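Undergrad: File name target11.cif; file contents mmCIF, C-alpha atoms; full text below.
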```cif
data_my_file
loop_
_atom_site.label_atom_id
_atom_site.label_comp_id
_atom_site.auth_asym_id
_atom_site.auth_seq_id
_atom_site.Cartn_x
_atom_site.Cartn_y
_atom_site.Cartn_z
CA MET W 1 12.48 -25.22 5.20
CA LYS W 2 14.82 -22.26 5.04
CA LEU W 3 13.30 -18.86 5.68
CA LYS W 4 14.31 -17.35 2.35
CA TYR W 5 12.51 -20.04 0.35
CA PHE W 6 9.47 -19.68 2.58
CA ILE W 7 9.43 -15.92 1.92
CA GLY W 8 9.72 -16.51 -1.83
CA ILE W 9 6.84 -18.97 -1.90
CA LEU W 10 4.75 -16.69 0.31
CA PHE W 11 5.28 -13.75 -2.04
CA VAL W 12 4.38 -15.76 -5.13
CA LEU W 13 1.22 -16.87 -3.31
CA VAL W 14 0.32 -13.36 -2.19
CA ILE W 15 0.83 -11.79 -5.62
CA LEU W 16 -1.12 -14.54 -7.37
CA LEU W 17 -3.93 -14.38 -4.83
CA SER W 18 -4.16 -10.62 -5.09
CA PHE W 19 -4.39 -10.59 -8.88
CA ILE W 20 -6.39 -13.72 -9.79
CA PRO W 21 -9.65 -13.20 -7.85
CA LYS W 22 -12.19 -11.19 -9.72
CA ILE W 23 -14.02 -8.24 -8.30
CA SER W 24 -17.63 -9.36 -8.25
CA GLY W 25 -19.47 -6.64 -10.04
CA ASN W 26 -17.23 -6.27 -13.01
CA LEU W 27 -17.98 -5.89 -16.70
CA THR W 28 -20.93 -5.16 -18.98
CA ASP W 29 -20.41 -1.48 -19.51
CA VAL W 30 -23.43 0.04 -21.20
CA LYS W 31 -23.67 3.65 -22.16
CA PHE W 32 -27.03 5.23 -21.46
CA TYR W 33 -28.79 8.41 -20.55
CA SER W 34 -30.66 8.56 -17.30
CA THR W 35 -33.60 10.40 -15.86
CA ILE W 36 -32.60 9.44 -12.31
CA ASP W 37 -31.17 12.13 -10.11
CA THR W 38 -27.68 10.69 -9.96
CA THR W 39 -26.21 13.74 -8.32
CA LYS W 40 -27.16 12.27 -4.95
CA ILE W 41 -25.23 9.03 -4.74
CA ILE W 42 -22.99 7.72 -7.45
CA PRO W 43 -22.69 4.83 -8.02
CA VAL W 44 -26.15 3.53 -7.23
CA LYS W 45 -26.79 -0.16 -6.68
CA GLY W 46 -30.07 -1.42 -8.04
CA VAL W 47 -32.03 -3.69 -10.34
CA ILE W 48 -32.70 -2.96 -13.99
CA SER W 49 -35.63 -4.26 -16.02
CA GLU W 50 -36.95 -3.55 -19.51
CA ILE W 51 -40.23 -1.71 -19.96
CA SER W 52 -40.34 -1.40 -23.70
CA ASN W 53 -37.91 -1.11 -26.58
CA ASN W 54 -34.77 0.72 -25.40
CA LEU W 55 -36.58 1.99 -22.31
CA TYR W 56 -35.49 0.52 -19.00
CA LYS W 57 -36.56 0.84 -15.42
CA PHE W 58 -33.85 1.13 -12.77
CA ILE W 59 -34.72 0.67 -9.11
CA ASP W 60 -31.98 1.43 -6.61
CA LYS W 61 -31.59 -0.25 -3.25
CA ASP W 62 -33.68 2.38 -1.45
CA GLY W 63 -36.58 1.82 -3.81
CA ASN W 64 -36.10 4.96 -5.86
CA GLU W 65 -37.24 4.40 -9.40
CA GLY W 66 -35.81 5.87 -12.54
CA ARG W 67 -36.25 5.52 -16.28
CA LEU W 68 -33.35 5.28 -18.60
CA TYR W 69 -32.88 4.96 -22.31
CA ALA W 70 -30.28 2.48 -23.43
CA SER W 71 -29.46 0.11 -26.18
CA ASN W 72 -27.57 -3.16 -26.32
CA ILE W 73 -28.28 -4.28 -22.79
CA THR W 74 -27.78 -8.02 -23.01
CA ASN W 75 -28.23 -8.99 -19.38
CA LYS W 76 -31.43 -7.36 -18.29
CA GLU W 77 -31.90 -9.07 -14.96
CA GLY W 78 -29.54 -8.64 -12.05
CA ILE W 79 -27.92 -6.13 -9.79
CA PHE W 80 -26.27 -3.15 -11.43
CA TYR W 81 -24.15 -0.29 -10.35
CA LEU W 82 -24.77 3.05 -11.93
CA LYS W 83 -21.64 5.05 -12.37
CA TYR W 84 -21.16 8.45 -13.87
CA ASN W 85 -18.04 8.79 -15.99
CA GLU W 86 -17.10 12.44 -15.67
CA TYR W 87 -14.36 12.26 -18.27
CA GLU W 88 -16.58 11.17 -21.13
CA ASN W 89 -19.86 12.49 -19.83
CA TYR W 90 -21.97 9.37 -19.85
CA PHE W 91 -23.23 6.80 -17.38
CA THR W 92 -22.02 3.25 -17.25
CA LEU W 93 -23.75 0.24 -15.82
CA LYS W 94 -21.73 -2.40 -14.08
CA LYS W 95 -23.30 -5.77 -13.60
CA PHE W 96 -22.41 -8.48 -11.15
CA GLU W 97 -20.92 -11.54 -12.75
CA ASN W 98 -20.56 -15.08 -11.55
CA ASN W 99 -16.95 -15.87 -10.82
CA THR W 100 -15.05 -18.94 -11.86
CA PHE W 101 -12.34 -18.59 -9.21
CA PHE W 102 -13.33 -19.62 -5.70
CA ILE W 103 -12.18 -16.36 -4.11
CA THR W 104 -13.76 -13.04 -5.00
CA PHE W 105 -13.11 -9.52 -3.83
CA PRO W 106 -16.01 -7.25 -2.93
CA PHE W 107 -17.02 -4.52 -5.29
CA ILE W 108 -16.24 -1.27 -3.52
CA PRO W 109 -17.77 1.63 -5.44
CA GLY W 110 -15.08 3.99 -6.61
CA LEU W 111 -12.25 1.60 -5.80
CA GLU W 112 -13.13 -1.45 -7.92
CA GLU W 113 -9.88 -3.07 -9.18
CA LYS W 114 -7.80 -0.56 -7.29
CA ALA W 115 -8.97 -2.13 -4.01
CA ARG W 116 -6.18 -4.66 -4.50
CA ILE W 117 -3.57 -1.95 -3.85
CA ILE W 118 -4.41 -2.15 -0.15
CA LEU W 119 -2.82 -5.62 -0.10
CA PHE W 120 0.58 -4.01 -0.82
CA HIS W 121 0.35 -0.39 0.24
CA VAL W 122 -0.67 -0.98 3.87
CA PRO W 123 1.81 -3.83 4.64
CA VAL W 124 4.66 -1.66 3.33
CA ALA W 125 3.59 1.20 5.62
CA TRP W 126 3.29 -1.27 8.51
CA VAL W 127 6.81 -2.62 7.92
CA SER W 128 8.22 0.90 8.04
CA VAL W 129 6.67 1.42 11.49
CA LEU W 130 8.03 -1.95 12.62
CA ALA W 131 11.50 -1.07 11.32
CA PHE W 132 11.49 2.24 13.19
CA LEU W 133 10.39 0.39 16.35
CA ILE W 134 13.26 -2.06 16.03
CA SER W 135 15.63 0.83 15.38
CA MET W 136 14.55 2.34 18.69
CA PHE W 137 14.87 -1.06 20.40
CA TYR W 138 18.51 -1.40 19.33
CA GLY W 139 19.11 2.25 20.17
CA ILE W 140 18.07 1.55 23.77
CA ARG W 141 20.22 -1.58 23.85
CA TYR W 142 23.19 0.40 22.62
CA LEU W 143 22.79 3.01 25.34
CA LYS W 144 22.61 0.23 27.92
CA SER W 145 25.60 -1.80 26.79
CA GLU W 146 27.60 0.58 24.57
CA ASN W 147 28.10 -2.37 22.25
CA TYR W 148 28.90 -1.20 18.71
CA GLU W 149 26.91 -4.07 17.19
CA PHE W 150 23.61 -2.65 18.43
CA ASP W 151 24.35 0.76 16.93
CA VAL W 152 24.89 -0.86 13.52
CA LYS W 153 21.62 -2.76 13.83
CA SER W 154 19.79 0.40 14.82
CA VAL W 155 21.01 2.25 11.71
CA ASN W 156 20.30 -0.67 9.40
CA SER W 157 16.76 -0.95 10.66
CA ALA W 158 16.18 2.79 10.38
CA SER W 159 17.45 2.89 6.81
CA LEU W 160 15.21 -0.03 5.83
CA GLY W 161 12.31 1.68 7.56
CA PHE W 162 13.07 4.85 5.61
CA LEU W 163 13.04 2.90 2.33
CA PHE W 164 9.69 1.29 3.17
CA CYS W 165 8.34 4.67 4.25
CA ILE W 166 9.28 6.15 0.86
CA LEU W 167 7.70 3.18 -0.92
CA ALA W 168 4.48 3.61 1.07
CA THR W 169 4.42 7.31 0.19
CA VAL W 170 5.05 6.74 -3.52
CA THR W 171 2.52 3.92 -3.90
CA GLY W 172 0.00 5.91 -1.87
CA SER W 173 0.49 8.94 -4.03
CA ILE W 174 -0.09 6.92 -7.21
CA TRP W 175 -3.24 5.49 -5.71
CA ALA W 176 -4.33 9.01 -4.74
CA ARG W 177 -3.90 10.18 -8.35
CA PHE W 178 -6.49 7.68 -9.51
CA ASN W 179 -8.90 7.88 -6.59
CA TRP W 180 -8.64 11.38 -5.20
CA GLY W 181 -7.59 13.22 -8.33
CA SER W 182 -4.07 14.38 -7.57
CA PHE W 183 -0.78 12.92 -6.46
CA TRP W 184 -0.67 14.89 -3.24
CA ASN W 185 -3.70 16.13 -1.32
CA TRP W 186 -2.26 17.04 2.11
CA ASP W 187 -4.54 14.51 3.70
CA PRO W 188 -3.66 14.15 7.44
CA ARG W 189 -1.99 10.80 6.84
CA GLU W 190 -0.04 12.15 3.87
CA THR W 191 1.07 15.14 5.90
CA SER W 192 2.11 13.01 8.86
CA ILE W 193 4.11 10.53 6.75
CA PHE W 194 5.84 13.50 5.12
CA ILE W 195 6.87 14.85 8.52
CA LEU W 196 7.98 11.35 9.51
CA LEU W 197 10.19 11.19 6.41
CA LEU W 198 11.71 14.54 7.38
CA ILE W 199 12.35 13.35 10.94
CA TYR W 200 14.18 10.23 9.78
CA ALA W 201 16.03 12.13 7.06
CA ALA W 202 17.35 14.32 9.88
CA TYR W 203 18.48 11.12 11.63
CA PHE W 204 20.75 10.21 8.71
CA ALA W 205 21.95 13.79 8.40
CA LEU W 206 22.88 13.71 12.09
CA ARG W 207 24.82 10.49 11.65
CA SER W 208 26.80 11.70 8.69
CA ALA W 209 27.59 15.00 10.40
CA ILE W 210 29.49 13.45 13.35
CA GLU W 211 32.83 11.79 12.74
CA VAL W 212 33.75 10.42 16.16
CA GLU W 213 32.31 6.90 16.18
CA GLU W 214 31.33 6.73 19.83
CA LYS W 215 29.70 10.14 19.87
CA LYS W 216 27.89 9.37 16.61
CA ALA W 217 26.51 6.11 17.98
CA LYS W 218 25.40 7.63 21.25
CA LEU W 219 23.71 10.68 19.73
CA SER W 220 21.95 8.71 17.01
CA ALA W 221 20.72 6.14 19.55
CA VAL W 222 19.17 8.94 21.59
CA TYR W 223 17.74 10.52 18.45
CA SER W 224 16.22 7.21 17.25
CA ILE W 225 14.36 6.91 20.56
CA ILE W 226 13.04 10.46 20.36
CA ALA W 227 12.12 10.00 16.70
CA PHE W 228 10.11 6.89 17.42
CA VAL W 229 8.12 8.64 20.13
CA THR W 230 6.52 10.70 17.36
CA VAL W 231 5.64 7.64 15.21
CA PRO W 232 2.53 6.42 17.10
CA PHE W 233 1.22 9.97 17.12
CA PHE W 234 1.77 10.54 13.41
CA ILE W 235 0.72 7.10 12.17
CA PHE W 236 -2.02 6.02 14.56
CA ILE W 237 -3.46 9.04 16.38
CA LEU W 238 -3.37 12.15 14.20
CA PRO W 239 -5.00 10.58 11.08
CA ARG W 240 -7.85 9.28 13.23
CA ILE W 241 -8.77 12.40 15.14
CA THR W 242 -8.78 14.65 12.08
CA SER W 243 -11.03 14.40 9.08
CA GLY W 244 -9.39 13.32 5.87
CA LEU W 245 -9.52 11.17 2.77
CA HIS W 246 -8.04 7.96 4.14
CA PRO W 247 -10.43 5.37 5.52
CA GLY W 248 -10.51 5.46 9.30
CA SER W 249 -10.31 9.22 9.60
CA ALA W 250 -12.71 11.03 11.91
CA ASP W 251 -15.34 11.74 9.25
CA ASP W 252 -15.28 8.24 7.74
CA LEU W 253 -18.83 6.90 7.80
CA SER W 254 -17.84 3.24 7.57
CA SER W 255 -16.02 3.42 10.89
CA PRO W 256 -17.52 6.16 13.04
CA GLY W 257 -15.13 7.85 15.39
CA GLY W 258 -12.15 6.58 13.47
CA GLY W 259 -10.97 3.02 13.30
CA PRO W 260 -8.45 0.72 11.72
CA VAL W 261 -7.71 1.56 8.12
CA ILE W 262 -8.40 -1.95 6.85
CA LYS W 263 -11.85 -2.21 8.41
CA SER W 264 -13.85 -0.67 5.61
CA GLY W 265 -15.11 -2.87 2.83
CA MET W 266 -12.82 -5.83 3.19
CA SER W 267 -14.32 -9.28 2.86
CA PHE W 268 -13.13 -12.33 4.79
CA GLU W 269 -11.08 -13.71 1.88
CA MET W 270 -9.51 -10.36 1.23
CA ARG W 271 -8.57 -10.01 4.87
CA ILE W 272 -6.85 -13.42 4.88
CA ILE W 273 -4.76 -12.40 1.83
CA PHE W 274 -4.08 -9.04 3.48
CA PHE W 275 -2.63 -10.71 6.56
CA LEU W 276 -0.64 -13.16 4.39
CA SER W 277 0.84 -10.13 2.64
CA LEU W 278 1.54 -8.52 6.00
CA ILE W 279 3.44 -11.63 7.15
CA ALA W 280 5.31 -11.86 3.84
CA PHE W 281 6.51 -8.25 3.99
CA THR W 282 7.44 -8.55 7.68
CA LEU W 283 9.53 -11.68 7.03
CA LEU W 284 11.11 -10.03 3.99
CA TYR W 285 12.06 -7.08 6.16
CA PHE W 286 13.71 -9.36 8.74
CA TRP W 287 15.57 -11.21 6.01
CA ILE W 288 17.02 -8.06 4.40
CA PHE W 289 17.73 -6.70 7.90
CA THR W 290 19.88 -9.73 8.81
CA LEU W 291 21.58 -9.58 5.40
CA LYS W 292 22.51 -5.94 6.01
CA ASN W 293 23.77 -6.76 9.49
CA ARG W 294 25.98 -9.52 8.11
CA VAL W 295 27.47 -7.20 5.50
CA THR W 296 28.23 -4.47 8.04
CA GLU W 297 29.74 -7.09 10.33
CA LEU W 298 32.06 -8.17 7.51
CA GLU W 299 32.98 -4.54 6.78
CA ARG W 300 33.90 -4.00 10.42
CA LYS W 301 36.11 -7.11 10.57
CA LYS W 302 38.07 -6.02 7.52
CA ILE W 303 38.99 -2.62 8.92
CA MET J 1 -1.38 7.53 -20.39
CA PHE J 2 -3.66 8.58 -17.58
CA ASN J 3 -6.71 7.49 -19.51
CA PHE J 4 -5.21 4.06 -20.09
CA PHE J 5 -4.70 3.55 -16.36
CA GLU J 6 -8.13 5.01 -15.67
CA GLN J 7 -9.78 2.48 -17.98
CA ASN J 8 -7.63 -0.50 -16.92
CA SER J 9 -7.23 0.07 -13.22
CA LEU J 10 -5.74 -3.39 -12.73
CA PHE J 11 -2.57 -1.93 -14.24
CA VAL J 12 -2.46 0.65 -11.46
CA VAL J 13 -2.14 -2.27 -9.04
CA LEU J 14 0.61 -3.75 -11.23
CA LEU J 15 2.39 -0.37 -11.22
CA VAL J 16 2.24 -0.22 -7.42
CA VAL J 17 3.63 -3.76 -7.05
CA LEU J 18 6.42 -3.00 -9.54
CA ILE J 19 7.40 0.17 -7.68
CA ILE J 20 7.67 -1.75 -4.41
CA TRP J 21 9.84 -4.40 -6.05
CA ILE J 22 12.05 -1.83 -7.75
CA GLY J 23 12.62 -0.23 -4.33
CA LEU J 24 13.58 -3.55 -2.78
CA TYR J 25 15.78 -4.41 -5.77
CA TYR J 26 17.61 -1.11 -5.33
CA GLU J 27 18.28 -2.01 -1.68
CA ILE J 28 19.71 -5.41 -2.65
CA VAL J 29 21.89 -3.90 -5.40
CA LYS J 30 23.34 -1.51 -2.81
CA LEU J 31 24.12 -4.45 -0.51
CA GLU J 32 25.80 -6.31 -3.37
CA LYS J 33 28.04 -3.31 -4.04
CA ARG J 34 29.17 -3.25 -0.41
CA LEU J 35 29.91 -6.98 -0.55
CA LYS J 36 31.97 -6.50 -3.69
CA LYS J 37 34.10 -3.89 -1.94
CA ILE J 38 34.82 -6.35 0.89
CA GLU J 39 35.71 -9.06 -1.59
CA LYS J 40 38.13 -6.73 -3.36
CA LYS J 41 39.81 -5.84 -0.07
CA ASN J 42 40.11 -9.55 0.68
CA GLU J 43 41.93 -10.16 -2.58
CA ASP J 44 44.46 -7.39 -1.98
#
```
Once you've parsed the file, please lay out its structure as structure tokens.
TA:
Amino acid sequence: MKLKYFIGILFVLVILLSFIPKISGNLTDVKFYSTIDTTKIIPVKGVISEISNNLYKFIDKDGNEGRLYASNITNKEGIFYLKYNEYENYFTLKKFENNTFFITFPFIPGLEEKARIILFHVPVAWVSVLAFLISMFYGIRYLKSENYEFDVKSVNSASLGFLFCILATVTGSIWARFNWGSFWNWDPRETSIFILLLIYAAYFALRSAIEVEEKKAKLSAVYSIIAFVTVPFFIFILPRITSGLHPGSADDLSSPGGGPVIKSGMSFEMRIIFFLSLIAFTLLYFWIFTLKNRVTELERKKI
Amino acid sequence: MFNFFEQNSLFVVLLVVLIIWIGLYYEIVKLEKRLKKIEKKNED
């Protein structure tokens, strides 16, 4: 099978698989007023049971008991999440539901449906790092052989990496609006990707500033190597040694001491789909990369 | 607008996927333009 068809099928599969599975723990929103001290941990997982008319008992997973007044609770037995809705000033209950589809995603408090974004946001960021790596690889090869072909490949890869880097920033900033409250929070990872964008923007500025082809190729090859040296520091090290909002930062409780971003809260099924998405985006990158190389090759022949 | 996305957070995921595809589409449109230029030169 040809690669392009394989990529197409893989993407259809990934998008379907990331939208169809339900988050277990969805639905049954009930407005109620609580006597539990919900300022401690929100949302609280627990079991709800009826005491008398409109009076319910809520026991959270630590055994803390609370009374709440509610009406129209249809499913009284089960595990609930208590969530305070700060915009409308009431509490909602979220109950676990049985799923009809064979794959389910875990209910991550606070993330809920938005947890699916990780299946697209992280692979895009990963592809940008890969593209910058390949840009450096061809930069080194150019310096070794002085073959013009490698210079072209180095630029093409860097420009694709820049595009993916912008996409990762934009999607991340939309996600941040809904989870952290504002589009830009100067979280360590946000700061470092911003600096990375500036570094690679300077790369293109450098290229367009020099007119002599040989000099341009040589200087930009050297610059692409130096630029990539900063990438591991900005993407992998800095966000893990400083405390921030992203998972995997130094003060993240789910991975003490800092760990991989995808570690927190992902179930086995979700991880499989995540890696499928990672493969799909990587292959897509290589496909567009070869397409770009072919076009530049044609352009060169015509001159 | 914000409230709609806040209530239906599945649409936030849709928005993110659409943005990624718009970005990739833009890249392919740019490639197509370059190809067209080459084709024009070929004709001349």
Undergrad: Identify the residues around (-0.7, -7.8, 8.9) within a radius of 12 Å, measuring from all atoms listed in the file in the coordinates stated by the file, and give them as a ChimeraX atom specification.
TA: /W:118-127,130,260-262,270-283
Undergrad: Using only C-alpha atoms and a distance of at most 6 Å, pull out the residues of chain J that contact chain W, as a PyMOL selection string.
TA: chain J and resi 9-10+13+16
Undergrad: Can you work out which one of W:Leu16, W:Gly8, W:Phe228, W:Met136 has the shortest atom-to-atom distance to Val152 (chain W), counting only C-alpha atoms?
TA: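 For Val152 (chain W), the nearest of the given residues is W:Met136.
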Undergrad: At what distance in Å, to one decimal, does CA of Glu149 (chain W) lie from CA of Asn293 (chain W)?
TA: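 That distance, rounded to one decimal, is 8.7 Å.
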Undergrad: One number please: CA of Val14 (chain W) to CA of Thr290 (chain W), in Å, one decimal.
TA: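 CA of Thr290 (chain W) lies at a distance of 22.7 Å from CA of Val14 (chain W).
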Undergrad: For Glu6 (chain J), which of W:Val229, W:Gly181, W:Ile134, W:Ser128 is the closest residue, counting only C-alpha atoms?
TA: W:Gly181
Undergrad: I'd like the interatomic distance between CA of Ser220 (chain W) and CA of Tyr25 (chain J), to a tenth of an Å.
TA: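 Value for the CA of Ser220 (chain W)-CA of Tyr25 (chain J) distance: 27.0 Å.
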Undergrad: May I have the centre and edge lengths, in Å to one decimal, of an axis-aligned box around the listed atoms of region 5-21 of chain J with 6 Å added to every side, as AutoDock Vina command-line options?
TA:
```
--center_x 0.0 --center_y 0.3 --center_z -11.2 --size_x 31.6 --size_y 21.4 --size_z 25.6
```
